[in-house]
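Presented below is the structure to which this report refers.
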2 protein chains.
Amino acid sequence: MASSSTARGRTGRPPVTSREQILAAALQLIERRGWQRLTIRALAAELGIGTTTLYHHVRDREDLLVQLIGEVVAQMDRPELPADPQERIVVAMTTVHDTLAAIPWAAEVLTVDGFMGRLGDTSVWIVEEVLAAAVQAGSSPERAVEVFRHLWYYTAGEILVRARSAVGPLDRDRLLPEGQTLFGAREASTVPTLAAIGDRWPQITARDTYAEGLRTFVRGLLGPQRREHSG
Amino acid sequence: MASSSTARGRTGRPPVTSREQILAAALQLIERRGWQRLTIRALAAELGIGTTTLYHHVRDREDLLVQLIGEVVAQMDRPELPADPQERIVVAMTTVHDTLAAIPWAAEVLTVDGFMGRLGDTSVWIVEEVLAAAVQAGSSPERAVEVFRHLWYYTAGEILVRARSAVGPLDRDRLLPEGQTLFGAREASTVPTLAAIGDRWPQITARDTYAEGLRTFVRGLLGPQRREHSG
DNA sequence: AAGACTTAGCGAACACGTTCCGAAATTAGC
DNA sequence: GCTAATTTCGGAACGTGTTCGCTAAGTCTT
């Protein structure tokens, strides 16, 4: 099944198509026709190889998409990080966030495959920086991991939910089965808040909501009240 | 296209299969064979109807799964909420979280379809409660919406990421292309934190990490320093 | 050099989601 | 009752991801 633990040299027939060629062709195909149209068959045809040959380079389609995002994330620019630990965390996390959010198809793919649980492994320097900053701010290593977890949950959720909420107003028609009002609240809300918000809800999505929430979360997770806590 | 706004009486051939029958059969099929094996064809065969007939009750497979989760969430128990606004928010959000996290296939489906952006519409009372509590804690209605957004991002991300991270240790072999170490850190980490954590990373997942992070986030978003803020 | 082993390549086939389009069943209007 | 409209039903077909089993092309061992 899996290759043994010893790093054995390559053997067998050398592939006529390299991993780089496959990923490059896939990216090109995505740019040209969108990620939904990136089919195994089309990619194989683009590369001039048989359809099933791709399965020797990629486990399945999901794996292909994961590797594609991983490639993009790996080439992410490493920004200059401020000295203050909390700000450093904010900048680092915002960088990943913006990178993923900037790839139009990334969020879509993220909803489809299981990349979220693995991104922490791919972009190492972010994990490193956040953990180190948390430790510098006074956390134990274990606590630092938890801090990173919380922040990553928030980041992942923001990307996924916001990408899905922005698909357009047709979602309303798609969601409601029949005759049901949005939120079920506009007609008779037990709480005045929902009625007050009403239809403005979808519009209130501010662009930099993420960074603000992130900063608040970091502040809550790392301090400042922890400075006065000695035990 | 869509039926007009007036509630017109039903006409045409009456369906031989009701929405409830479809959802019930689908849930039963999920319990028996897992959600991945819930195919349109199998569900139609189970109901004794033609395959394509299902498409008159459900837009597509994704829609079917969304409706299934919606059904489960809609029957969620409404817990007793404490008086304190912050605690009320914590309990409310934890309830949704636990409901979704308790359905083994829900988190998987959530990763697949676009349910995340719509759940806020389905379970109304949670939105109501959180918004009202935020307002009671001193937020404006617009600010309350932002607070809910942040908390929902965190909740959604936690469910998705944790579900995906828990698929098992085979993920390691699946992720790493060739000869790459996990985190790229065990051999030479520029930051001591990662090396210190090392292999313990996957094990540190505490069960109630979510509630703790949620409480911290709520506290950061709503106060307590806001109580002393009068303008 | 020869065989064993390992890997890449590929055609055929299967199950699946989905669309097309026509047939059947029911109601509304006359 | 008859026709038209409207709705459900479902077979056929297309494109898809994936597996099976095989052949070809290399590498390693002897």
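To be explicit about the labels: the chains of the structure tokens are called A, B, and onward in the order shown, and within each one the residues are counted from 1, while ligands get numbers from 1 in the order they are shown.
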| field | At most 8 Å to chain C: residues in chain B, only C-alpha atoms (C1' of nucleotides), as a PyMOL selection string | value | chain B and resi 11-14+39-41+61
Those same residues, written as a short mmCIF file (atom, residue, chain, number, x, y, z; two decimals), in the first residue's frame with all heavy atoms?
```
data_model
loop_
_atom_site.label_atom_id
_atom_site.label_comp_id
_atom_site.auth_asym_id
_atom_site.auth_seq_id
_atom_site.Cartn_x
_atom_site.Cartn_y
_atom_site.Cartn_z
N THR B 11 -53.01 22.94 -8.85
CA THR B 11 -53.64 22.34 -10.01
C THR B 11 -52.68 21.31 -10.57
O THR B 11 -51.57 21.17 -10.10
CB THR B 11 -54.00 23.40 -11.07
OG1 THR B 11 -54.56 22.74 -12.19
CG2 THR B 11 -52.78 24.16 -11.48
N GLY B 12 -53.11 20.61 -11.56
CA GLY B 12 -52.26 19.59 -12.16
C GLY B 12 -52.26 18.30 -11.38
O GLY B 12 -52.97 18.15 -10.38
N ARG B 13 -51.47 17.40 -11.82
CA ARG B 13 -51.44 16.05 -11.24
C ARG B 13 -50.89 16.11 -9.81
O ARG B 13 -49.82 16.66 -9.57
CB ARG B 13 -50.54 15.20 -12.11
CG ARG B 13 -50.36 13.77 -11.64
CD ARG B 13 -49.51 13.05 -12.67
NE ARG B 13 -49.21 11.69 -12.28
CZ ARG B 13 -48.61 10.83 -13.10
NH1 ARG B 13 -48.28 11.21 -14.32
NH2 ARG B 13 -48.35 9.62 -12.71
N PRO B 14 -51.56 15.53 -8.86
CA PRO B 14 -51.07 15.57 -7.48
C PRO B 14 -49.90 14.61 -7.32
O PRO B 14 -49.88 13.51 -7.89
CB PRO B 14 -52.27 15.11 -6.66
CG PRO B 14 -53.05 14.24 -7.59
CD PRO B 14 -52.85 14.82 -8.96
N THR B 39 -27.78 8.36 -2.69
CA THR B 39 -27.80 8.81 -4.08
C THR B 39 -29.23 9.07 -4.51
O THR B 39 -30.19 8.53 -3.94
CB THR B 39 -27.19 7.75 -5.00
OG1 THR B 39 -28.08 6.63 -5.06
CG2 THR B 39 -25.83 7.30 -4.49
N ILE B 40 -29.33 9.91 -5.49
CA ILE B 40 -30.66 10.21 -6.03
C ILE B 40 -31.34 8.94 -6.52
O ILE B 40 -32.52 8.70 -6.26
CB ILE B 40 -30.52 11.24 -7.17
CG1 ILE B 40 -29.98 12.56 -6.62
CG2 ILE B 40 -31.86 11.45 -7.86
CD1 ILE B 40 -30.97 13.35 -5.84
N ARG B 41 -30.56 8.14 -7.19
CA ARG B 41 -31.14 6.92 -7.72
C ARG B 41 -31.60 5.97 -6.62
O ARG B 41 -32.68 5.39 -6.69
CB ARG B 41 -30.10 6.22 -8.60
CG ARG B 41 -29.90 6.89 -9.94
CD ARG B 41 -28.79 6.21 -10.73
NE ARG B 41 -28.98 6.31 -12.16
CZ ARG B 41 -28.42 7.21 -12.94
NH1 ARG B 41 -27.63 8.11 -12.42
NH2 ARG B 41 -28.65 7.22 -14.24
N ARG B 61 -29.22 17.46 -5.66
CA ARG B 61 -28.82 16.70 -4.48
C ARG B 61 -28.41 17.61 -3.33
O ARG B 61 -28.71 17.34 -2.17
CB ARG B 61 -27.66 15.76 -4.84
CG ARG B 61 -27.49 14.63 -3.84
CD ARG B 61 -26.37 13.70 -4.25
NE ARG B 61 -25.19 13.93 -3.45
CZ ARG B 61 -24.81 13.15 -2.43
NH1 ARG B 61 -25.51 12.09 -2.14
NH2 ARG B 61 -23.74 13.43 -1.74
#
```
| If we count only C-alpha atoms (C1' of nucleotides), which residues of chain D reach to within 10 Å of chain B? Please list them as a list in words. |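 In the required form, that comes to DA5, DT6, DT7, DT8, DC9, DG10 and DG11 of chain D.
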| Pick from B:Ala101, B:Asp63, B:Thr95, B:Glu71, whichever lies nearest to chain A using only C-alpha atoms | B:Asp63
| Quick one, how far is CA of Leu131 in chain B from CA of Ala144 in chain B? | 5.3 Å
| Which residues in range 34-74 of chain B does DSSP call alpha helix (DSSP H)? List them as a VMD selection string. | chain B and resid 40 to 47 61 to 74
